[in-house]
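Shown here: entry25.cif, mmCIF, C-alpha atoms.
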```
data_my_file
#
loop_
_atom_site.group_PDB
_atom_site.id
_atom_site.type_symbol
_atom_site.label_atom_id
_atom_site.label_comp_id
_atom_site.auth_asym_id
_atom_site.auth_seq_id
_atom_site.Cartn_x
_atom_site.Cartn_y
_atom_site.Cartn_z
ATOM 1 C CA ASP A 1 320.842 183.967 42.145
ATOM 2 C CA GLY A 2 321.153 181.454 44.974
ATOM 3 C CA GLY A 3 324.043 179.045 45.196
ATOM 4 C CA ILE A 4 324.612 178.684 41.482
ATOM 5 C CA THR A 5 327.581 180.309 39.811
ATOM 6 C CA GLN A 6 328.230 180.677 36.116
ATOM 7 C CA SER A 7 331.429 181.885 34.596
ATOM 8 C CA PRO A 8 332.376 183.921 32.808
ATOM 9 C CA LYS A 9 329.635 186.563 32.733
ATOM 10 C CA TYR A 10 330.606 187.648 29.221
ATOM 11 C CA LEU A 11 332.372 185.521 26.636
ATOM 12 C CA PHE A 12 333.567 186.398 23.173
ATOM 13 C CA ARG A 13 334.690 183.844 20.597
ATOM 14 C CA LYS A 14 335.496 183.639 16.943
ATOM 15 C CA GLU A 15 333.328 181.561 14.687
ATOM 16 C CA GLY A 16 334.550 177.970 14.415
ATOM 17 C CA GLN A 17 335.876 177.750 17.975
ATOM 18 C CA ASN A 18 334.423 175.547 20.668
ATOM 19 C CA VAL A 19 333.735 177.225 23.994
ATOM 20 C CA THR A 20 332.839 175.814 27.415
ATOM 21 C CA LEU A 21 330.525 177.561 29.856
ATOM 22 C CA SER A 22 330.872 176.737 33.524
ATOM 23 C CA CYS A 23 328.018 176.018 35.948
ATOM 24 C CA GLU A 24 328.594 175.130 39.595
ATOM 25 C CA GLN A 25 326.041 174.711 42.394
ATOM 26 C CA ASN A 26 326.497 174.255 46.130
ATOM 27 C CA LEU A 27 322.827 173.522 46.839
ATOM 28 C CA ASN A 28 323.252 169.734 46.783
ATOM 29 C CA HIS A 29 320.668 169.539 44.011
ATOM 30 C CA ASP A 30 320.339 166.384 41.965
ATOM 31 C CA ALA A 31 318.934 167.871 38.769
ATOM 32 C CA MET A 32 320.645 170.481 36.605
ATOM 33 C CA TYR A 33 319.543 172.182 33.404
ATOM 34 C CA TRP A 34 320.875 174.384 30.630
ATOM 35 C CA TYR A 35 318.614 176.884 28.902
ATOM 36 C CA ARG A 36 319.225 179.277 26.073
ATOM 37 C CA GLN A 37 317.546 182.682 26.023
ATOM 38 C CA ASP A 38 317.048 184.742 22.888
ATOM 39 C CA PRO A 39 315.148 188.044 22.760
ATOM 40 C CA GLY A 40 311.416 187.509 22.408
ATOM 41 C CA GLN A 41 311.688 183.709 22.547
ATOM 42 C CA GLY A 42 311.711 182.926 26.215
ATOM 43 C CA LEU A 43 313.951 180.135 27.457
ATOM 44 C CA ARG A 44 314.564 176.896 25.613
ATOM 45 C CA LEU A 45 315.938 173.700 27.114
ATOM 46 C CA ILE A 46 319.310 172.508 25.775
ATOM 47 C CA TYR A 47 320.282 169.629 28.087
ATOM 48 C CA TYR A 48 319.376 168.331 31.494
ATOM 49 C CA SER A 49 320.915 165.929 33.958
ATOM 50 C CA GLN A 50 319.146 163.900 36.620
ATOM 51 C CA ILE A 51 322.154 162.318 38.303
ATOM 52 C CA VAL A 52 325.912 162.176 37.993
ATOM 53 C CA ASN A 53 327.192 160.616 34.759
ATOM 54 C CA ASP A 54 323.770 160.868 33.142
ATOM 55 C CA PHE A 55 322.310 163.586 30.933
ATOM 56 C CA GLN A 56 319.622 163.916 28.299
ATOM 57 C CA LYS A 57 318.986 166.140 25.289
ATOM 58 C CA GLY A 58 316.434 168.882 25.520
ATOM 59 C CA ASP A 59 314.588 170.654 22.744
ATOM 60 C CA ILE A 60 317.587 172.313 21.074
ATOM 61 C CA ALA A 61 320.614 170.093 21.805
ATOM 62 C CA GLU A 62 322.157 170.174 18.331
ATOM 63 C CA GLY A 63 325.595 171.785 18.392
ATOM 64 C CA TYR A 64 325.949 171.492 22.170
ATOM 65 C CA SER A 65 327.491 168.952 24.517
ATOM 66 C CA VAL A 66 327.575 168.530 28.299
ATOM 67 C CA SER A 67 329.139 166.405 31.008
ATOM 68 C CA ARG A 68 328.157 165.599 34.587
ATOM 69 C CA GLU A 69 331.171 164.107 36.305
ATOM 70 C CA LYS A 70 330.371 165.694 39.669
ATOM 71 C CA LYS A 71 327.066 166.449 41.325
ATOM 72 C CA GLU A 72 327.866 170.132 41.684
ATOM 73 C CA SER A 73 329.132 170.765 38.148
ATOM 74 C CA PHE A 74 327.389 170.734 34.755
ATOM 75 C CA PRO A 75 329.527 172.449 32.075
ATOM 76 C CA LEU A 76 328.129 173.202 28.633
ATOM 77 C CA THR A 77 330.258 173.196 25.484
ATOM 78 C CA VAL A 78 329.071 175.190 22.522
ATOM 79 C CA THR A 79 330.649 173.564 19.501
ATOM 80 C CA SER A 80 331.401 174.979 16.086
ATOM 81 C CA ALA A 81 328.435 172.954 14.802
ATOM 82 C CA GLN A 82 326.004 175.288 16.554
ATOM 83 C CA LYS A 83 324.857 177.551 13.744
ATOM 84 C CA ASN A 84 323.732 180.514 15.810
ATOM 85 C CA PRO A 85 325.541 180.388 19.161
ATOM 86 C CA THR A 86 325.246 184.034 20.189
ATOM 87 C CA ALA A 87 322.782 184.058 23.093
ATOM 88 C CA PHE A 88 322.351 184.315 26.847
ATOM 89 C CA TYR A 89 322.877 180.942 28.539
ATOM 90 C CA LEU A 90 321.280 180.089 31.864
ATOM 91 C CA CYS A 91 322.028 177.167 34.134
ATOM 92 C CA ALA A 92 319.488 175.983 36.686
ATOM 93 C CA SER A 93 319.137 173.301 39.325
ATOM 94 C CA SER A 94 316.429 171.754 41.471
ATOM 95 C CA ILE A 95 316.187 169.404 44.419
ATOM 96 C CA ALA A 96 314.251 166.554 42.890
ATOM 97 C CA LEU A 97 312.832 165.630 39.569
ATOM 98 C CA ALA A 98 309.409 164.361 40.470
ATOM 99 C CA GLY A 99 308.809 166.849 43.225
ATOM 100 C CA ILE A 100 307.018 170.067 42.546
ATOM 101 C CA ILE A 101 310.082 172.084 43.254
ATOM 102 C CA GLU A 102 311.036 175.356 41.656
ATOM 103 C CA GLN A 103 314.300 175.677 39.789
ATOM 104 C CA TYR A 104 317.036 178.000 40.908
ATOM 105 C CA PHE A 105 318.943 179.905 38.256
ATOM 106 C CA GLY A 106 322.487 181.127 37.935
ATOM 107 C CA PRO A 107 323.317 184.681 36.786
ATOM 108 C CA GLY A 108 323.898 183.587 33.185
ATOM 109 C CA THR A 109 326.668 183.837 30.596
ATOM 110 C CA ARG A 110 326.295 186.057 27.567
ATOM 111 C CA LEU A 111 328.124 184.487 24.638
ATOM 112 C CA THR A 112 328.958 186.495 21.551
ATOM 113 C CA VAL A 113 330.421 184.744 18.521
ATOM 114 C CA THR A 114 331.724 186.792 15.623
ATOM 115 C CA ALA B 1 303.489 168.983 25.641
ATOM 116 C CA GLN B 2 302.655 171.381 28.402
ATOM 117 C CA SER B 3 302.813 175.018 27.362
ATOM 118 C CA VAL B 4 302.061 178.537 28.491
ATOM 119 C CA ALA B 5 301.375 181.701 26.549
ATOM 120 C CA GLN B 6 301.944 185.301 27.530
ATOM 121 C CA PRO B 7 299.784 187.386 25.204
ATOM 122 C CA GLU B 8 301.395 190.744 25.983
ATOM 123 C CA ASP B 9 304.960 191.629 25.016
ATOM 124 C CA GLN B 10 304.874 194.723 27.224
ATOM 125 C CA VAL B 11 302.738 196.091 30.019
ATOM 126 C CA ASN B 12 302.921 199.708 31.119
ATOM 127 C CA VAL B 13 301.538 200.892 34.453
ATOM 128 C CA ALA B 14 301.918 203.967 36.609
ATOM 129 C CA GLU B 15 303.532 203.650 40.019
ATOM 130 C CA GLY B 16 300.948 203.005 42.708
ATOM 131 C CA ASN B 17 298.441 201.466 40.322
ATOM 132 C CA PRO B 18 297.596 197.757 40.315
ATOM 133 C CA LEU B 19 299.353 195.618 37.754
ATOM 134 C CA THR B 20 298.442 192.406 35.962
ATOM 135 C CA VAL B 21 300.675 190.280 33.768
ATOM 136 C CA LYS B 22 298.719 187.653 31.889
ATOM 137 C CA CYS B 23 299.461 183.968 31.356
ATOM 138 C CA THR B 24 297.350 181.174 29.923
ATOM 139 C CA TYR B 25 298.240 177.515 29.989
ATOM 140 C CA SER B 26 297.642 174.344 28.020
ATOM 141 C CA VAL B 27 298.314 171.113 29.889
ATOM 142 C CA SER B 28 297.177 167.566 30.148
ATOM 143 C CA GLY B 29 296.560 166.651 33.729
ATOM 144 C CA ASN B 30 297.212 168.891 36.694
ATOM 145 C CA PRO B 31 299.095 172.101 35.934
ATOM 146 C CA TYR B 32 302.160 173.042 37.924
ATOM 147 C CA LEU B 33 302.683 176.718 37.209
ATOM 148 C CA PHE B 34 305.415 179.189 38.079
ATOM 149 C CA TRP B 35 306.238 182.861 37.772
ATOM 150 C CA TYR B 36 309.797 184.157 37.502
ATOM 151 C CA VAL B 37 311.242 187.669 37.198
ATOM 152 C CA GLN B 38 314.409 188.656 35.356
ATOM 153 C CA TYR B 39 316.308 191.915 35.742
ATOM 154 C CA PRO B 40 318.648 193.009 32.908
ATOM 155 C CA ASN B 41 321.567 190.653 32.335
ATOM 156 C CA ARG B 42 320.653 188.562 35.375
ATOM 157 C CA GLY B 43 319.330 185.096 36.005
ATOM 158 C CA LEU B 44 315.717 184.350 36.782
ATOM 159 C CA GLN B 45 314.335 184.773 40.277
ATOM 160 C CA PHE B 46 311.475 182.635 41.504
ATOM 161 C CA LEU B 47 308.338 184.571 42.520
ATOM 162 C CA LEU B 48 305.653 181.976 43.204
ATOM 163 C CA LYS B 49 304.136 178.680 42.163
ATOM 164 C CA TYR B 50 300.764 176.971 41.968
ATOM 165 C CA ILE B 51 300.602 173.279 42.729
ATOM 166 C CA THR B 52 297.210 172.702 44.234
ATOM 167 C CA GLY B 53 294.895 174.218 46.785
ATOM 168 C CA ASP B 54 293.957 177.877 47.019
ATOM 169 C CA ASN B 55 293.489 179.602 43.710
ATOM 170 C CA LEU B 56 295.169 182.753 45.008
ATOM 171 C CA VAL B 57 298.885 182.194 45.497
ATOM 172 C CA LYS B 58 301.032 184.690 47.348
ATOM 173 C CA GLY B 59 304.696 185.094 46.519
ATOM 174 C CA SER B 60 307.737 187.284 46.931
ATOM 175 C CA TYR B 61 307.888 191.104 46.801
ATOM 176 C CA GLY B 62 304.127 191.494 47.257
ATOM 177 C CA PHE B 63 303.198 189.592 44.104
ATOM 178 C CA GLU B 64 300.341 187.161 43.892
ATOM 179 C CA ALA B 65 298.796 185.069 41.151
ATOM 180 C CA GLU B 66 295.300 183.854 40.526
ATOM 181 C CA PHE B 67 294.769 180.368 39.166
ATOM 182 C CA ASN B 68 291.584 180.058 37.115
ATOM 183 C CA LYS B 69 290.855 176.566 35.875
ATOM 184 C CA SER B 70 287.843 177.465 33.745
ATOM 185 C CA GLN B 71 289.807 180.133 31.883
ATOM 186 C CA THR B 72 293.089 178.168 31.984
ATOM 187 C CA SER B 73 294.834 181.265 33.241
ATOM 188 C CA PHE B 74 297.438 182.093 35.856
ATOM 189 C CA HIS B 75 297.729 185.883 35.884
ATOM 190 C CA LEU B 76 300.345 187.628 38.007
ATOM 191 C CA LYS B 77 299.122 190.575 40.054
ATOM 192 C CA LYS B 78 300.261 193.238 42.467
ATOM 193 C CA PRO B 79 297.970 195.748 44.184
ATOM 194 C CA SER B 80 300.374 198.692 43.966
ATOM 195 C CA ALA B 81 303.229 198.767 41.443
ATOM 196 C CA LEU B 82 306.699 200.110 42.197
ATOM 197 C CA VAL B 83 309.200 201.527 39.724
ATOM 198 C CA SER B 84 311.582 198.805 40.907
ATOM 199 C CA ASP B 85 309.117 196.166 39.650
ATOM 200 C CA SER B 86 310.139 197.056 36.089
ATOM 201 C CA ALA B 87 311.610 193.856 34.683
ATOM 202 C CA LEU B 88 310.925 190.895 32.414
ATOM 203 C CA TYR B 89 308.394 188.395 33.751
ATOM 204 C CA PHE B 90 308.121 184.771 32.709
ATOM 205 C CA CYS B 91 305.320 182.336 33.244
ATOM 206 C CA ALA B 92 306.328 178.656 33.164
ATOM 207 C CA VAL B 93 304.762 175.229 33.407
ATOM 208 C CA ARG B 94 306.473 172.047 34.512
ATOM 209 C CA ASP B 95 306.905 169.565 31.705
ATOM 210 C CA GLY B 96 306.533 165.835 32.048
ATOM 211 C CA GLY B 97 309.026 163.208 33.046
ATOM 212 C CA ASN B 98 310.437 162.715 29.569
ATOM 213 C CA SER B 99 312.215 166.076 29.846
ATOM 214 C CA GLY B 100 313.432 165.715 33.380
ATOM 215 C CA TYR B 101 310.583 167.883 34.604
ATOM 216 C CA ALA B 102 312.148 170.923 33.017
ATOM 217 C CA LEU B 103 310.152 174.107 32.757
ATOM 218 C CA ASN B 104 308.447 175.299 29.586
ATOM 219 C CA PHE B 105 308.510 179.084 29.528
ATOM 220 C CA GLY B 106 306.380 181.701 27.910
ATOM 221 C CA LYS B 107 308.100 184.324 25.780
ATOM 222 C CA GLY B 108 308.103 186.822 28.591
ATOM 223 C CA THR B 109 306.342 190.109 29.301
ATOM 224 C CA SER B 110 308.280 193.296 29.847
ATOM 225 C CA LEU B 111 306.781 195.341 32.661
ATOM 226 C CA LEU B 112 307.463 199.067 32.753
ATOM 227 C CA VAL B 113 306.355 201.015 35.806
ATOM 228 C CA THR B 114 306.567 204.769 35.361
ATOM 229 C CA PRO B 115 306.862 207.289 38.213
#
```

Mind converting the file's structure to structure tokens?
Amino acid sequence: DGGITQSPKYLFRKEGQNVTLSCEQNLNHDAMYWYRQDPGQGLRLIYYSQIVNDFQKGDIAEGYSVSREKKESFPLTVTSAQKNPTAFYLCASSIALAGIIEQYFGPGTRLTVT
Amino acid sequence: AQSVAQPEDQVNVAEGNPLTVKCTYSVSGNPYLFWYVQYPNRGLQFLLKYITGDNLVKGSYGFEAEFNKSQTSFHLKKPSALVSDSALYFCAVRDGGNSGYALNFGKGTSLLVTP
């Protein structure tokens, strides 16, 4: 899983509560991404960030928020507005945007909301 | 948008036999294609990528992939499967600049290698 850490590995929350998932990388990568994985649906892009203090919505950003105050950190908050938050969340990073560079993934956080 | 499709939800193969996991793509312009593997409750691990050049790309753990422009395919292959190859495999294509060059993934193919 390279130099990307996600914590916690498992997270349980009650419906209506906001929860923040941590993602830290020590690879000195500029770009960072959040994906959501659901069984049989592959991975879907939630948010991405190209540089510090800048981030953009992906395909399924509704009910989520992010920040990028430091190059190495890209936390994701799952808000109570997210209608179906139970999923496996994966953070990724890459060296450069325009380069043909593969993304490196963290180990993921499995969020269960009841 | 750039997209890939994995037509098989599951592939079963006996240990020692060759394996193929299929992927087709739909892109405008040059395709930048990737294969990743995921073990249960883990992140994705990069296997290989096609950017340009040779149509046969070699990657990690003995895997290779064949890029076929006429068939718009990028199938993952291995000459002799191992039980430890059992995992979930994702094909992906790099999206354009308006999504930060994120990856668009297929739905995944579960590979089961039996002893």

**Asked** Counting all atoms listed in the file, which residues from chain B have an atom at most 10 Å from any atom of chain A, and could you show them as a count of residues only?
**Response** 38

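Interatomic distance, CA of Glu62 (chain A) to CA of Ala81 (chain A): 7.7 Å.
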
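For the pair CA of Glu8 (chain B) and CA of Leu111 (chain B), the interatomic distance is 9.7 Å.
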
Give me the box for region 46-54 of chain B as lines of an AutoDock Vina configuration file, namely the centre and edge lengths in Å to one decimal of a box along x, y and z that holds every listed atom plus 6 Å on each side.
```
center_x = 302.7
center_y = 178.6
center_z = 44.3
size_x = 29.5
size_y = 23.9
size_z = 17.5
```

**Message:** What's the separation between CA of Ala81 (chain B) and CA of Val11 (chain B), in Å to one decimal place?
**Reply:** 11.7 Å

**Request:** Give as JSON, numbers by chain the residues that the PyMOL selection byres ((chain B and resi 65) around 12) matches when applied to the coordinates above.
**Result:** {"B": [19, 20, 21, 22, 23, 24, 33, 34, 35, 36, 47, 48, 49, 50, 54, 55, 56, 57, 58, 59, 60, 62, 63, 64, 66, 67, 68, 73, 74, 75, 76, 77, 78, 79, 91]}

**All residues 7 Å or closer to Gln82 (chain A), all atoms listed in the file, same chain fewer than 3 positions away omitted, as a PyMOL selection string** = chain A and resi 62-64+78-79+85

Can those selected residues be exported to a file as a short mmCIF file (atom, residue, chain, number, x, y, z; two decimals), in the frame of the given file so that it contains C-alpha atoms?
```cif
data_model
loop_
_atom_site.label_atom_id
_atom_site.label_comp_id
_atom_site.auth_asym_id
_atom_site.auth_seq_id
_atom_site.Cartn_x
_atom_site.Cartn_y
_atom_site.Cartn_z
CA GLU A 62 322.16 170.17 18.33
CA GLY A 63 325.60 171.78 18.39
CA TYR A 64 325.95 171.49 22.17
CA VAL A 78 329.07 175.19 22.52
CA THR A 79 330.65 173.56 19.50
CA PRO A 85 325.54 180.39 19.16
#
```

**Message:** List as a PyMOL selection string the protein and nucleic acid residues near Lys14 (chain A), meaning an atom at most 10 Å away when all atoms listed in the file are counted, but skip any in the same chain fewer than 6 places from it.
**Reply:** chain A and resi 80+112-114

**Item:** Residue nearest Asn18 (chain A) - candidates A:Val52, A:Ile95, A:Leu111, A:Ile46, atoms counted: all atoms listed in the file
**Value:** A:Leu111

Any chance you could resolve the PyMOL selection byres ((chain A and resi 74) around 9) against this file and give the residues as a compact mmCIF listing (two decimals) with C-alpha atoms, in the coordinates of the input?
```txt
# COMPACT_ATOMS: atom_id res chain seq x y z
CA LEU A 21 330.52 177.56 29.86
CA SER A 22 330.87 176.74 33.52
CA CYS A 23 328.02 176.02 35.95
CA GLU A 24 328.59 175.13 39.60
CA GLN A 25 326.04 174.71 42.39
CA MET A 32 320.64 170.48 36.60
CA TYR A 33 319.54 172.18 33.40
CA TRP A 34 320.88 174.38 30.63
CA TYR A 48 319.38 168.33 31.49
CA SER A 49 320.92 165.93 33.96
CA VAL A 66 327.58 168.53 28.30
CA SER A 67 329.14 166.40 31.01
CA ARG A 68 328.16 165.60 34.59
CA GLU A 69 331.17 164.11 36.30
CA LYS A 70 330.37 165.69 39.67
CA LYS A 71 327.07 166.45 41.32
CA GLU A 72 327.87 170.13 41.68
CA SER A 73 329.13 170.76 38.15
CA PRO A 75 329.53 172.45 32.08
CA LEU A 76 328.13 173.20 28.63
CA CYS A 91 322.03 177.17 34.13
```

**Prompt:** Do you know which residues the PyMOL selection byres ((chain B and resi 83) around 8) returns on this file, as number ranges by chain?
**Reply:** B: 15, 81-82, 84-86, 112-115

**Distance query Gln2 (chain B) at most 7 Å, all atoms listed in the file, self and fewer than 3 positions along chain excluded, as number ranges by chain** = B: 26-28, 93, 95
